[in-house]
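Participant: This one is coords_5.tsv, TSV, C-alpha atoms.
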chain	number	residue	atom	x	y	z
Q	958	MET	CA	4.44	19.02	-12.53
Q	959	THR	CA	3.97	16.45	-9.77
Q	960	LEU	CA	2.75	13.13	-11.12
Q	961	GLN	CA	-0.58	12.03	-9.73
Q	962	ARG	CA	-1.14	8.82	-11.69
Q	963	VAL	CA	1.22	6.39	-13.40
Q	964	VAL	CA	-0.38	3.77	-15.62
Q	965	ILE	CA	1.62	0.66	-16.49
Q	966	VAL	CA	0.54	-1.47	-19.47
Q	967	GLY	CA	1.80	-5.03	-19.07
Q	968	GLY	CA	1.79	-7.31	-16.02
Q	969	GLY	CA	5.02	-9.26	-16.56
Q	970	HIS	CA	8.25	-9.00	-14.56
Q	971	GLY	CA	8.97	-5.50	-15.83
Q	972	GLY	CA	5.49	-4.17	-15.20
Q	973	PHE	CA	5.46	-5.61	-11.69
Q	974	GLN	CA	8.92	-4.21	-10.93
Q	975	MET	CA	7.83	-0.82	-12.23
Q	976	ALA	CA	4.99	-0.66	-9.72
Q	977	ALA	CA	7.08	-2.03	-6.85
Q	978	SER	CA	10.01	0.32	-7.53
Q	979	LEU	CA	7.80	3.40	-7.68
Q	980	ARG	CA	6.52	2.69	-4.17
Q	981	ALA	CA	9.99	1.81	-2.88
Q	982	ASP	CA	11.35	5.07	-4.32
Q	983	GLY	CA	8.71	7.14	-2.54
Q	984	PHE	CA	6.11	7.78	-5.26
Q	985	ALA	CA	2.89	8.63	-3.41
Q	986	GLY	CA	0.48	8.93	-6.33
Q	987	GLU	CA	-1.84	6.40	-7.93
Q	988	ILE	CA	-0.35	3.32	-9.62
Q	989	LEU	CA	-2.50	1.32	-12.02
Q	990	LEU	CA	-1.17	-1.91	-13.49
Q	991	VAL	CA	-3.14	-3.04	-16.55
Q	992	SER	CA	-2.67	-6.59	-17.86
Q	993	ASP	CA	-4.43	-8.66	-20.50
Q	994	GLU	CA	-3.87	-11.83	-18.44
Q	995	PRO	CA	-5.96	-13.00	-15.47
Q	996	GLY	CA	-4.67	-13.21	-11.91
Q	997	LEU	CA	-1.61	-11.73	-10.24
Q	998	PRO	CA	1.71	-10.97	-11.95
Q	999	TYR	CA	3.74	-14.19	-12.10
Q	1000	GLN	CA	7.17	-15.60	-12.89
Q	1001	ARG	CA	7.64	-16.66	-16.50
Q	1002	PRO	CA	11.03	-18.47	-16.58
Q	1003	PRO	CA	9.63	-21.57	-14.77
Q	1004	LEU	CA	6.96	-22.05	-17.46
Q	1005	SER	CA	9.36	-23.98	-19.69
Q	1006	LYS	CA	10.84	-25.98	-16.83
Q	1007	ALA	CA	9.54	-26.47	-13.28
Q	1008	PHE	CA	5.88	-25.63	-13.98
Q	1009	LEU	CA	5.63	-28.40	-16.57
Q	1010	LYS	CA	6.52	-30.81	-13.74
Q	1011	HIS	CA	4.48	-29.48	-10.81
Q	1012	GLY	CA	1.63	-27.62	-12.52
Q	1013	ASP	CA	0.96	-25.37	-9.51
Q	1014	ALA	CA	0.22	-21.88	-10.85
Q	1015	ALA	CA	0.08	-20.35	-7.35
Q	1016	ARG	CA	3.79	-21.09	-6.89
Q	1017	LEU	CA	4.55	-18.71	-9.76
Q	1018	ASP	CA	3.06	-15.55	-8.21
Q	1019	LEU	CA	5.65	-12.78	-7.86
Q	1020	ARG	CA	3.88	-11.50	-4.75
Q	1021	PRO	CA	0.64	-12.38	-2.92
Q	1022	SER	CA	-2.39	-10.13	-3.33
Q	1023	LYS	CA	-1.65	-8.58	0.09
Q	1024	PHE	CA	1.49	-6.96	-1.35
Q	1025	PHE	CA	-0.57	-5.00	-3.87
Q	1026	ASP	CA	-3.13	-4.03	-1.23
Q	1027	ASP	CA	-0.46	-2.94	1.25
Q	1028	ASN	CA	1.31	-0.83	-1.39
Q	1029	THR	CA	-1.91	0.60	-2.87
Q	1030	ILE	CA	-1.18	-0.76	-6.33
Q	1031	SER	CA	-4.39	-1.14	-8.34
Q	1032	LEU	CA	-4.57	-4.16	-10.64
Q	1033	MET	CA	-6.69	-4.30	-13.75
Q	1034	PRO	CA	-6.33	-7.88	-15.05
Q	1035	GLN	CA	-7.90	-9.34	-18.20
Q	1036	THR	CA	-7.94	-5.89	-19.77
Q	1037	ARG	CA	-6.65	-5.32	-23.28
Q	1038	VAL	CA	-5.39	-1.86	-24.17
Q	1039	THR	CA	-6.42	-0.99	-27.71
Q	1040	GLY	CA	-5.12	2.55	-28.11
Q	1041	ILE	CA	-3.04	5.41	-26.71
Q	1042	ASP	CA	-3.89	9.09	-27.11
Q	1043	PRO	CA	-0.64	10.96	-26.33
Q	1044	ASP	CA	-2.28	14.38	-26.77
Q	1045	GLY	CA	-5.17	13.58	-24.45
Q	1046	LYS	CA	-2.87	11.50	-22.18
Q	1047	HIS	CA	-5.19	8.53	-21.91
Q	1048	ILE	CA	-5.40	4.90	-22.99
Q	1049	THR	CA	-8.45	3.08	-24.37
Q	1050	THR	CA	-9.35	-0.46	-23.37
Q	1051	GLY	CA	-11.10	-3.19	-25.31
Q	1052	ASP	CA	-14.43	-2.45	-23.66
Q	1053	GLY	CA	-14.28	1.20	-24.73
Q	1054	LYS	CA	-13.17	2.74	-21.43
Q	1055	THR	CA	-10.64	5.56	-21.34
Q	1056	ILE	CA	-8.09	5.82	-18.54
Q	1057	GLY	CA	-6.08	8.99	-18.06
Q	1058	TYR	CA	-2.43	9.12	-17.03
Q	1059	ASP	CA	0.19	11.63	-16.03
Q	1060	HIS	CA	2.87	9.18	-17.10
Q	1061	LEU	CA	2.46	5.96	-19.09
Q	1062	VAL	CA	4.86	3.02	-18.97
Q	1063	LEU	CA	4.70	0.46	-21.76
Q	1064	ALA	CA	5.79	-2.98	-20.55
Q	1065	THR	CA	4.00	-4.88	-23.31
Q	1066	GLY	CA	6.72	-7.49	-23.83
Q	1067	SER	CA	6.88	-9.67	-26.90
Q	1068	ARG	CA	5.00	-12.51	-28.54
Q	1069	ASN	CA	6.02	-15.71	-30.29
Q	1070	ALA	CA	6.99	-15.34	-33.92
Q	1071	ARG	CA	4.99	-17.35	-36.44
Q	1072	PRO	CA	7.48	-18.79	-38.92
Q	1073	PRO	CA	6.46	-19.29	-42.57
Q	1074	ILE	CA	5.38	-22.90	-42.13
Q	1075	ALA	CA	2.26	-24.37	-43.75
Q	1076	ASN	CA	-0.49	-25.80	-41.51
Q	1077	LEU	CA	0.40	-23.98	-38.29
Q	1078	ASP	CA	-3.30	-24.01	-37.37
Q	1079	LEU	CA	-3.50	-27.79	-36.93
Q	1080	ARG	CA	-4.49	-29.10	-33.50
Q	1081	ASN	CA	-1.62	-29.84	-31.09
Q	1082	VAL	CA	0.56	-27.09	-32.58
Q	1083	LEU	CA	1.43	-25.11	-29.48
Q	1084	SER	CA	3.54	-22.20	-28.29
Q	1085	LEU	CA	5.00	-21.38	-24.89
Q	1086	ARG	CA	4.86	-17.76	-23.83
Q	1087	ASN	CA	2.45	-17.41	-20.92
Q	1088	LEU	CA	0.73	-19.43	-18.20
Q	1089	ALA	CA	-2.19	-20.38	-20.44
Q	1090	ASP	CA	0.27	-21.74	-23.04
Q	1091	ALA	CA	2.19	-23.72	-20.41
Q	1092	SER	CA	-0.99	-25.14	-18.88
Q	1093	GLU	CA	-2.24	-26.31	-22.26
Q	1094	LEU	CA	1.13	-27.82	-23.15
Q	1095	ARG	CA	1.27	-29.66	-19.83
Q	1096	THR	CA	-2.21	-31.09	-20.41
Q	1097	ARG	CA	-1.45	-32.21	-23.96
Q	1098	LEU	CA	1.84	-33.82	-22.94
Q	1099	SER	CA	0.01	-36.39	-20.83
Q	1100	ALA	CA	-1.12	-38.13	-24.02
Q	1101	ALA	CA	1.93	-37.38	-26.17
Q	1102	ARG	CA	4.65	-39.72	-27.33
Q	1103	HIS	CA	6.90	-37.54	-29.47
Q	1104	VAL	CA	7.19	-33.74	-29.45
Q	1105	LEU	CA	8.80	-31.81	-32.28
Q	1106	VAL	CA	10.38	-28.54	-31.13
Q	1107	VAL	CA	10.77	-25.98	-33.91
Q	1108	GLY	CA	13.58	-23.73	-32.74
Q	1109	GLY	CA	16.80	-24.32	-30.83
Q	1110	GLY	CA	16.86	-21.19	-28.66
Q	1111	PHE	CA	16.54	-20.98	-24.87
Q	1112	ILE	CA	12.84	-21.84	-24.63
Q	1113	GLY	CA	13.01	-24.74	-27.05
Q	1114	MET	CA	16.06	-26.25	-25.39
Q	1115	GLU	CA	14.73	-25.75	-21.85
Q	1116	PHE	CA	11.60	-27.65	-22.82
Q	1117	ALA	CA	13.60	-30.34	-24.62
Q	1118	ALA	CA	15.61	-30.91	-21.44
Q	1119	VAL	CA	12.41	-31.43	-19.43
Q	1120	ALA	CA	10.66	-33.71	-21.94
Q	1121	PRO	CA	12.48	-36.98	-21.13
Q	1122	GLY	CA	11.52	-36.67	-17.47
Q	1123	LEU	CA	7.89	-36.35	-18.55
Q	1124	GLY	CA	8.13	-39.57	-20.54
Q	1125	VAL	CA	8.09	-37.82	-23.92
Q	1126	ASN	CA	10.62	-38.11	-26.74
Q	1127	ALA	CA	11.73	-34.81	-28.25
Q	1128	THR	CA	13.26	-33.81	-31.57
Q	1129	VAL	CA	14.61	-30.27	-31.94
Q	1130	ILE	CA	14.64	-28.80	-35.46
Q	1131	GLU	CA	16.83	-25.73	-35.81
Q	1132	GLY	CA	17.44	-23.79	-39.03
Q	1133	ALA	CA	20.82	-22.44	-37.91
Q	1134	GLU	CA	23.94	-24.58	-37.92
Q	1135	ARG	CA	24.15	-24.59	-34.12
Q	1136	LEU	CA	21.98	-24.31	-31.01
Q	1137	MET	CA	21.23	-20.95	-29.35
Q	1138	SER	CA	23.27	-19.26	-32.07
Q	1139	ARG	CA	21.96	-15.75	-31.33
Q	1140	ALA	CA	22.95	-15.95	-27.69
Q	1141	VAL	CA	26.10	-18.04	-27.21
Q	1142	SER	CA	29.46	-18.88	-28.76
Q	1143	ASP	CA	30.25	-21.88	-30.95
Q	1144	THR	CA	31.94	-23.62	-28.01
Q	1145	MET	CA	28.90	-23.26	-25.77
Q	1146	SER	CA	26.55	-24.40	-28.55
Q	1147	ALA	CA	28.62	-27.55	-29.01
Q	1148	HIS	CA	28.67	-28.20	-25.25
Q	1149	PHE	CA	24.89	-28.08	-25.02
Q	1150	LEU	CA	24.39	-30.12	-28.19
Q	1151	MET	CA	26.45	-32.93	-26.71
Q	1152	SER	CA	24.57	-32.69	-23.40
Q	1153	HIS	CA	21.11	-32.79	-24.99
Q	1154	GLN	CA	22.05	-35.71	-27.18
Q	1155	GLY	CA	23.28	-37.50	-24.06
Q	1156	TRP	CA	19.86	-36.94	-22.47
Q	1157	GLY	CA	18.20	-38.61	-25.44
Q	1158	THR	CA	17.06	-35.59	-27.45
Q	1159	SER	CA	17.37	-35.81	-31.22
Q	1160	VAL	CA	18.66	-32.57	-32.79
Q	1161	ARG	CA	18.43	-31.60	-36.46
Q	1162	LEU	CA	20.62	-28.60	-37.25
Q	1163	GLY	CA	20.67	-26.57	-40.45
Q	1164	GLN	CA	17.14	-27.75	-41.20
Q	1165	PHE	CA	14.01	-25.69	-41.77
Q	1166	VAL	CA	10.43	-26.95	-41.51
Q	1167	SER	CA	8.43	-26.29	-44.66
Q	1168	GLU	CA	5.07	-27.66	-43.52
Q	1169	LEU	CA	3.34	-29.55	-40.75
Q	1170	LEU	CA	1.64	-32.83	-41.58
Q	1171	ASP	CA	-2.10	-33.41	-41.14
Q	1172	ASP	CA	-3.31	-36.80	-39.89
Q	1173	GLY	CA	-6.48	-36.36	-41.95
Q	1174	ALA	CA	-8.57	-35.22	-38.99
Q	1175	GLY	CA	-7.01	-31.84	-38.40
Q	1176	ASN	CA	-4.38	-33.04	-35.91
Q	1177	VAL	CA	-0.67	-32.57	-36.44
Q	1178	ALA	CA	1.12	-35.79	-37.34
Q	1179	GLY	CA	4.65	-34.49	-37.85
Q	1180	ALA	CA	6.76	-32.09	-39.84
Q	1181	ARG	CA	8.22	-32.02	-43.33
Q	1182	LEU	CA	11.66	-30.49	-43.66
Q	1183	ALA	CA	12.76	-28.33	-46.56
Q	1184	ASP	CA	14.75	-31.27	-47.97
Q	1185	GLY	CA	11.59	-33.41	-48.06
Q	1186	THR	CA	12.31	-35.49	-44.95
Q	1187	ASP	CA	9.25	-36.27	-42.80
Q	1188	ILE	CA	9.53	-36.58	-39.02
Q	1189	ALA	CA	6.60	-38.01	-37.07
Q	1190	GLY	CA	5.30	-36.24	-33.97
Q	1191	ASP	CA	1.98	-35.84	-32.19
Q	1192	ILE	CA	2.74	-32.38	-30.70
Q	1193	VAL	CA	4.69	-29.52	-32.29
Q	1194	LEU	CA	6.04	-26.74	-30.08
Q	1195	ILE	CA	6.82	-23.57	-32.02
Q	1196	ALA	CA	9.77	-21.85	-30.33
Q	1197	ALA	CA	11.19	-19.88	-33.24
Q	1198	GLY	CA	11.87	-16.56	-31.55
Q	1199	VAL	CA	9.73	-13.57	-30.60
Q	1200	VAL	CA	8.69	-10.19	-31.95
Q	1201	PRO	CA	8.22	-7.06	-29.80
Q	1202	ASN	CA	4.71	-5.87	-28.98
Q	1203	SER	CA	5.25	-2.34	-30.24
Q	1204	GLU	CA	2.11	-1.84	-32.36
Q	1205	LEU	CA	0.32	0.29	-29.74
Q	1206	ALA	CA	3.29	2.64	-29.64
Q	1207	ALA	CA	3.58	2.84	-33.43
Q	1208	GLU	CA	-0.13	3.58	-33.84
Q	1209	ALA	CA	0.23	6.37	-31.26
Q	1210	GLY	CA	2.99	7.96	-33.32
Q	1211	LEU	CA	5.93	7.02	-31.11
Q	1212	ALA	CA	9.29	6.28	-32.72
Q	1213	VAL	CA	9.58	2.52	-33.37
Q	1214	SER	CA	12.26	0.46	-35.10
Q	1215	ASP	CA	13.11	-2.96	-33.63
Q	1216	GLY	CA	10.67	-2.31	-30.81
Q	1217	ILE	CA	9.93	1.06	-29.24
Q	1218	ASP	CA	12.86	3.48	-29.42
Q	1219	VAL	CA	13.93	4.79	-26.00
Q	1220	ASP	CA	16.87	6.83	-24.74
Q	1221	ASP	CA	19.31	5.97	-21.95
Q	1222	LEU	CA	16.65	6.90	-19.38
Q	1223	LEU	CA	14.10	4.60	-21.09
Q	1224	CYS	CA	12.00	7.55	-22.27
Q	1225	THR	CA	10.23	7.29	-25.64
Q	1226	SER	CA	9.88	10.08	-28.20
Q	1227	ASP	CA	6.99	11.33	-26.03
Q	1228	PRO	CA	8.30	12.63	-22.67
Q	1229	ASN	CA	5.14	11.42	-20.93
Q	1230	ILE	CA	5.64	7.80	-22.04
Q	1231	SER	CA	8.38	5.33	-21.10
Q	1232	ALA	CA	8.96	1.77	-22.29
Q	1233	LEU	CA	10.87	-1.17	-20.85
Q	1234	GLY	CA	11.82	-4.78	-21.45
Q	1235	ASP	CA	11.33	-6.88	-24.58
Q	1236	CYS	CA	9.21	-4.26	-26.33
Q	1237	CYS	CA	11.89	-1.56	-26.51
Q	1238	ASN	CA	15.36	-0.94	-27.88
Q	1239	PHE	CA	17.91	1.30	-26.20
Q	1240	PRO	CA	21.51	2.51	-26.60
Q	1241	ASP	CA	23.94	-0.03	-25.16
Q	1242	PRO	CA	26.20	1.96	-22.79
Q	1243	LEU	CA	29.32	-0.02	-23.77
Q	1244	SER	CA	29.10	-0.19	-27.56
Q	1245	GLY	CA	26.69	2.68	-28.27
Q	1246	ARG	CA	24.67	0.55	-30.69
Q	1247	ARG	CA	20.94	0.13	-30.17
Q	1248	VAL	CA	19.95	-3.23	-28.74
Q	1249	ARG	CA	16.78	-4.99	-27.67
Q	1250	LEU	CA	17.10	-7.55	-24.88
Q	1251	GLU	CA	14.71	-10.43	-24.20
Q	1252	SER	CA	15.60	-10.82	-20.55
Q	1253	VAL	CA	13.81	-10.73	-17.21
Q	1254	GLN	CA	16.79	-8.97	-15.66
Q	1255	ALA	CA	16.88	-6.27	-18.32
Q	1256	ALA	CA	13.18	-5.59	-17.83
Q	1257	THR	CA	13.55	-5.25	-14.06
Q	1258	ASP	CA	16.63	-3.03	-14.39
Q	1259	HIS	CA	14.78	-0.87	-16.93
Q	1260	ALA	CA	11.91	-0.50	-14.46
Q	1261	ARG	CA	14.26	0.65	-11.71
Q	1262	THR	CA	15.80	3.22	-14.07
Q	1263	ILE	CA	12.39	4.65	-15.00
Q	1264	SER	CA	11.30	4.76	-11.37
Q	1265	LYS	CA	14.38	6.77	-10.38
Q	1266	ARG	CA	13.68	9.26	-13.15
Q	1267	LEU	CA	9.99	9.66	-12.25
Q	1268	THR	CA	10.85	10.23	-8.59
Q	1269	GLY	CA	13.42	12.92	-9.34
Q	1270	LYS	CA	16.65	10.89	-9.18
Q	1271	PRO	CA	17.49	10.22	-12.84
Q	1272	VAL	CA	20.41	7.89	-13.55
Q	1273	PRO	CA	21.02	6.60	-17.10
Q	1274	TYR	CA	20.56	2.88	-17.61
Q	1275	ALA	CA	24.00	1.26	-17.43
Q	1276	ALA	CA	23.35	-2.16	-15.89
Q	1277	VAL	CA	25.42	-5.06	-17.20
Q	1278	PRO	CA	23.00	-7.35	-19.05
Q	1279	TRP	CA	22.95	-10.89	-17.76
Q	1280	PHE	CA	20.97	-13.95	-18.68
Q	1281	TRP	CA	20.49	-17.51	-17.53
Q	1282	SER	CA	19.03	-20.76	-18.79
Q	1283	ASP	CA	18.54	-23.96	-16.80
Q	1284	GLN	CA	18.71	-27.01	-19.04
Q	1285	GLY	CA	18.71	-30.41	-17.36
Q	1286	ASP	CA	21.41	-30.34	-14.71
Q	1287	LEU	CA	23.30	-27.52	-16.45
Q	1288	LYS	CA	23.04	-23.86	-15.49
Q	1289	LEU	CA	24.06	-21.50	-18.27
Q	1290	GLN	CA	24.80	-17.91	-17.20
Q	1291	ILE	CA	25.88	-15.05	-19.43
Q	1292	ALA	CA	27.25	-11.66	-18.37
Q	1293	GLY	CA	27.56	-8.91	-20.96
Q	1294	LEU	CA	26.78	-8.91	-24.67
Q	1295	GLY	CA	28.84	-11.08	-26.99
Q	1296	ALA	CA	27.36	-9.80	-30.25
Q	1297	GLY	CA	30.15	-8.32	-32.31
Q	1298	ALA	CA	32.89	-10.19	-30.46
Q	1299	ASP	CA	35.78	-11.18	-32.72
Q	1300	GLU	CA	37.51	-13.73	-30.49
Q	1301	HIS	CA	36.42	-16.37	-27.96
Q	1302	VAL	CA	38.54	-18.26	-25.45
Q	1303	ALA	CA	37.30	-21.35	-23.62
Q	1304	HIS	CA	38.49	-22.05	-20.08
Q	1305	LYS	CA	37.62	-24.63	-17.41
Q	1306	PRO	CA	37.62	-22.74	-14.10
Q	1307	GLU	CA	36.83	-25.82	-12.02
Q	1308	LYS	CA	36.00	-29.49	-12.42
Q	1309	GLY	CA	32.83	-29.83	-14.49
Q	1310	GLY	CA	32.61	-26.11	-15.17
Q	1311	LEU	CA	33.08	-24.25	-18.42
Q	1312	ALA	CA	33.66	-20.60	-19.23
Q	1313	VAL	CA	33.88	-18.87	-22.60
Q	1314	LEU	CA	35.36	-15.36	-22.60
Q	1315	SER	CA	34.47	-13.16	-25.56
Q	1316	PHE	CA	36.60	-10.23	-26.73
Q	1317	SER	CA	36.06	-7.32	-29.09
Q	1318	SER	CA	39.32	-5.73	-30.29
Q	1319	GLY	CA	41.08	-7.35	-27.37
Q	1320	ARG	CA	38.63	-6.10	-24.72
Q	1321	LEU	CA	36.51	-8.46	-22.63
Q	1322	VAL	CA	32.82	-7.90	-23.50
Q	1323	SER	CA	31.03	-11.02	-22.26
Q	1324	VAL	CA	31.49	-14.22	-20.30
Q	1325	GLU	CA	29.44	-17.40	-20.70
Q	1326	THR	CA	29.61	-19.98	-17.94
Q	1327	VAL	CA	28.19	-23.39	-17.15
Q	1328	ASP	CA	28.10	-24.41	-13.50
Q	1329	SER	CA	30.58	-21.76	-12.41
Q	1330	ALA	CA	28.76	-19.22	-10.27
Q	1331	SER	CA	31.96	-17.63	-8.97
Q	1332	THR	CA	33.20	-16.88	-12.49
Q	1333	HIS	CA	29.80	-15.49	-13.50
Q	1334	MET	CA	29.55	-13.15	-10.51
Q	1335	THR	CA	33.14	-12.00	-10.99
Q	1336	ALA	CA	32.43	-11.28	-14.66
Q	1337	ARG	CA	29.41	-9.16	-13.76
Q	1338	LYS	CA	31.42	-7.13	-11.26
Q	1339	LEU	CA	34.31	-6.60	-13.65
Q	1340	LEU	CA	32.08	-5.57	-16.54
Q	1341	ALA	CA	30.09	-3.24	-14.28
Q	1342	SER	CA	33.25	-1.56	-12.96
Q	1343	GLY	CA	33.96	0.09	-16.30
Q	1344	ARG	CA	37.51	-1.23	-16.19
Q	1345	ILE	CA	38.93	-2.28	-19.55
Q	1346	VAL	CA	39.93	-5.91	-19.11
Q	1347	SER	CA	42.30	-6.92	-21.89
Q	1348	LYS	CA	43.03	-10.31	-23.39
Q	1349	PRO	CA	46.77	-10.18	-22.54
Q	1350	GLU	CA	45.98	-9.47	-18.88
Q	1351	LEU	CA	43.69	-12.48	-18.72
Q	1352	ALA	CA	46.07	-14.69	-20.67
Q	1353	ALA	CA	48.65	-14.01	-17.93
Q	1354	VAL	CA	46.38	-15.75	-15.39
Q	1355	ASN	CA	45.26	-18.53	-17.78
Q	1356	TYR	CA	41.94	-16.70	-18.32
Q	1357	ASN	CA	40.85	-17.34	-14.73
Q	1358	LEU	CA	38.63	-14.35	-13.93
Q	1359	VAL	CA	38.55	-15.03	-10.20
Q	1360	ASP	CA	42.35	-15.05	-10.01
Q	1361	TYR	CA	42.50	-11.89	-12.12
Q	1362	ALA	CA	39.98	-10.06	-9.92
Q	1363	ARG	CA	41.94	-10.96	-6.79
Q	1364	ALA	CA	45.10	-9.48	-8.27
Q	1365	VAL	CA	43.75	-6.10	-9.44
The structure in this file should be written as structure tokens.

Facilitator:
Amino acid sequence: MTLQRVVIVGGGHGGFQMAASLRADGFAGEILLVSDEPGLPYQRPPLSKAFLKHGDAARLDLRPSKFFDDNTISLMPQTRVTGIDPDGKHITTGDGKTIGYDHLVLATGSRNARPPIANLDLRNVLSLRNLADASELRTRLSAARHVLVVGGGFIGMEFAAVAPGLGVNATVIEGAERLMSRAVSDTMSAHFLMSHQGWGTSVRLGQFVSELLDDGAGNVAGARLADGTDIAGDIVLIAAGVVPNSELAAEAGLAVSDGIDVDDLLCTSDPNISALGDCCNFPDPLSGRRVRLESVQAATDHARTISKRLTGKPVPYAAVPWFWSDQGDLKLQIAGLGAGADEHVAHKPEKGGLAVLSFSSGRLVSVETVDSASTHMTARKLLASGRIVSKPELAAVNYNLVDYARAV
């Protein structure tokens, strides 16, 4: 059956790319992009960095409104989807409307986790997930002196790197024994710890927050650690990870585990519904294990895969995952997935640069770099080629990926 209408739920990077790819791939039917946020789809990575400095929301737009008009993409902003009826092939919105679809794409993303900390509802306890969050944080920072960041992942550390330039002291409190432990190697964690401390950020590792302190008027006054230590602060930023927005799918009877279960074509257990980005988990083409990636690039690559399938050119998702994080004057880039790696080798490809190569059973599976774009791009090409790159081969060229790639 020829698709007449594709409805996309979620207006982030993945939802936008889904709509744009469908038109680029020749889909001539109706495209409806439903989002619970106001305005046009916008970039989210700058929210924890550049936007806090310039505050210009218009600079975040992924495309101007003319793009959507020219490509006949209908936008339905500030609309919350409350239900999916797979049998009737329609969604229900918060105001009671029903919208039919021939194919539904769930790009619902994720939301900030709420850790088990007492007094999270005090004033000046903030999160950073969307434009509204970033705008509120930027406003509150103008009167702040000391921000406590609960969580040492990408978002928390990106904000911590910006704080000194905004005239605010920052203390990062991380329960794990090292920074960004879910994403990077020990060597890279140590490199960023030293850098942040050099920028003036205080970092408490291996410490959990048990409760937030009340100043007596309902405002946060600091945090109490599990060991009883109190740390003063007039703003607390909760950056303790995210959880997938998969409730709509679960309530509709779709298979859900850590997010919405999809196959290698990003199709859910219902053939008329696809899912992409943070809200779904999929089979990793290299390891075969199911993974869920919190990455702009993964979401956009997922969207392209779905678009090809819906326009009759199905190709299984096999893109090499890659990530980045700008912290101060350092640019962290990661190619591949290092989870499950059993050996890491650090290498300095050029002055000021750093690379960490991760191996699983002697095979290269991921490469982390700081300020080494050539190594990062080479790693992506090598990992995408399907070639098995072994540790002995790389040892022969002193682990220099660029030299290795030139020789093969």

Participant: Nearest residue to Q:Leu1105 out of Q:Thr1158, Q:Thr1055, Q:Ser1142, Q:Ser1092, using all atoms listed in the file?

Facilitator: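 The answer is Q:Thr1158, which sits nearest to Q:Leu1105.
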
Participant: Which residues, protein or nucleic acid, reach to within 7 Å of (39.2, -9.0, -23.0) in the file's coordinates when using all atoms listed in the file, and can you give that as JSON, numbers by chain?

Facilitator: {"Q": [1315, 1316, 1319, 1320, 1321, 1322, 1346, 1347, 1348]}

Participant: Compare Q:Ala1189, Q:Cys1224, Q:Ala1256, Q:Leu1169 by their minimum atom-to-atom distance to Q:Gly967, counting all atoms listed in the file, and give me the closest one.

Facilitator: Q:Ala1256

Participant: Just how far from atom CA of Q:Ala1303 is atom CA of Q:Ser1323, in Å to one decimal?

Facilitator: 12.2 Å

Participant: Under the rule that all atoms listed in the file are counted, which of Q:Ser1252, Q:Thr1039, Q:Ser1244, Q:Ser1152 is the nearest residue to Q:His970?

Facilitator: Q:Ser1252

Participant: Could you check the closest approach to Q:Gly1155 for each of Q:Gly983, Q:Gly1295, Q:Gly1109, Q:Gly1285 and tell me which residue wins, using only C-alpha atoms?

Facilitator: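 Among the listed residues, the smallest separation from Q:Gly1155 belongs to Q:Gly1285.
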
Participant: With all atoms listed in the file as the basis for distance, which of Q:Ala1296, Q:Gly1132, Q:Asp1235, Q:Asp1026 is at the shortest distance from Q:Asp1184?

Facilitator: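 Counting all atoms listed in the file, the residue closest to Q:Asp1184 is Q:Gly1132.
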
Participant: For atom CA of Q:Leu1294 and atom CA of Q:Ser1146, quote the distance in Å rounded to one decimal.

Facilitator: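 Answer for the atom CA of Q:Leu1294 to atom CA of Q:Ser1146 separation: 16.0 Å.
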
Participant: Between atom CA of Q:Ala1276 and atom CA of Q:Lys1305, what distance in Å does the model show, to one decimal?

Facilitator: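 These atoms are spaced 26.7 Å apart.
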
Participant: Using all atoms listed in the file, pick whichever of Q:Ala1275, Q:Ser1214, Q:Pro1306, Q:Thr1096 has the shortest atom-to-atom distance to Q:Gly1343.

Facilitator: Q:Ala1275

Participant: For a cutoff of 10 Å around the file-coordinate point (30.3, -18.9, -12.7), which residues qualify once you count only C-alpha atoms? I'd like the result as a list of chain:residue names.

Facilitator: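 The residues that fall inside the cut-off are Q:Lys1288, Q:Leu1289, Q:Gln1290, Q:Ile1291, Q:Ala1292, Q:Pro1306, Q:Glu1307, Q:Gly1310, Q:Leu1311, Q:Ala1312, Q:Val1324, Q:Glu1325, Q:Thr1326, Q:Val1327, Q:Asp1328, Q:Ser1329, Q:Ala1330, Q:Ser1331, Q:Thr1332, Q:His1333, Q:Met1334, Q:Thr1335, Q:Ala1336, Q:Arg1337, Q:Leu1358, Q:Val1359.
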
Participant: Which residues are near stretch 1174-1180 of chain Q? Cut-off 12 Å, all atoms listed in the file, ignore same chain within fewer than 3 positions. Put them as an NGL selection string.

Facilitator: :Q and (1074-1083 or 1101-1107 or 1127-1130 or 1164-1171 or 1183-1195)

Participant: If you count all atoms listed in the file, which residues fall within 9 Å of Q:Ala977, apart from same-chain ones fewer than 4 positions away, as a ChimeraX atom specification?

Facilitator: /Q:972-973,981-982,1025,1028,1030

Participant: With all atoms of stretch 1264-1270 of chain Q from the file as input, state the centre and edge lengths in Å to one decimal of the axis-aligned box that has 5 Å extra on each side, as AutoDock Vina command-line options.

Facilitator:
--center_x 13.3 --center_y 8.8 --center_z -10.9 --size_x 16.7 --size_y 18.2 --size_z 14.6

Participant: Do a neighbour search on stretch 1044-1047 of chain Q at 7 Å with all atoms listed in the file, toss out local chain neighbours closer than 5 positions, and write the hits as a count of residues only.

Facilitator: 5

Participant: Need to verify the contact set: Q:Ser1138, 12 Å, only C-alpha atoms, exclusion of same-chain residues closer than 5 positions in sequence. Can you return it as a PyMOL selection string?

Facilitator: chain Q and resi 1108-1111+1131-1133+1143-1147+1149-1150+1162-1163+1198+1295-1296

Participant: Write out as a compact mmCIF listing (two decimals) with C-alpha atoms, in the coordinates of the input the residues lying within 7 Å of Q:Gly971, counting all atoms listed in the file and excluding same-chain residues fewer than 6 positions away.

Facilitator:
# COMPACT_ATOMS: atom_id res chain seq x y z
CA ALA Q 1064 5.79 -2.98 -20.55
CA LEU Q 1233 10.87 -1.17 -20.85
CA GLY Q 1234 11.82 -4.78 -21.45
CA ALA Q 1256 13.18 -5.59 -17.83
CA THR Q 1257 13.55 -5.25 -14.06
CA ALA Q 1260 11.91 -0.50 -14.46
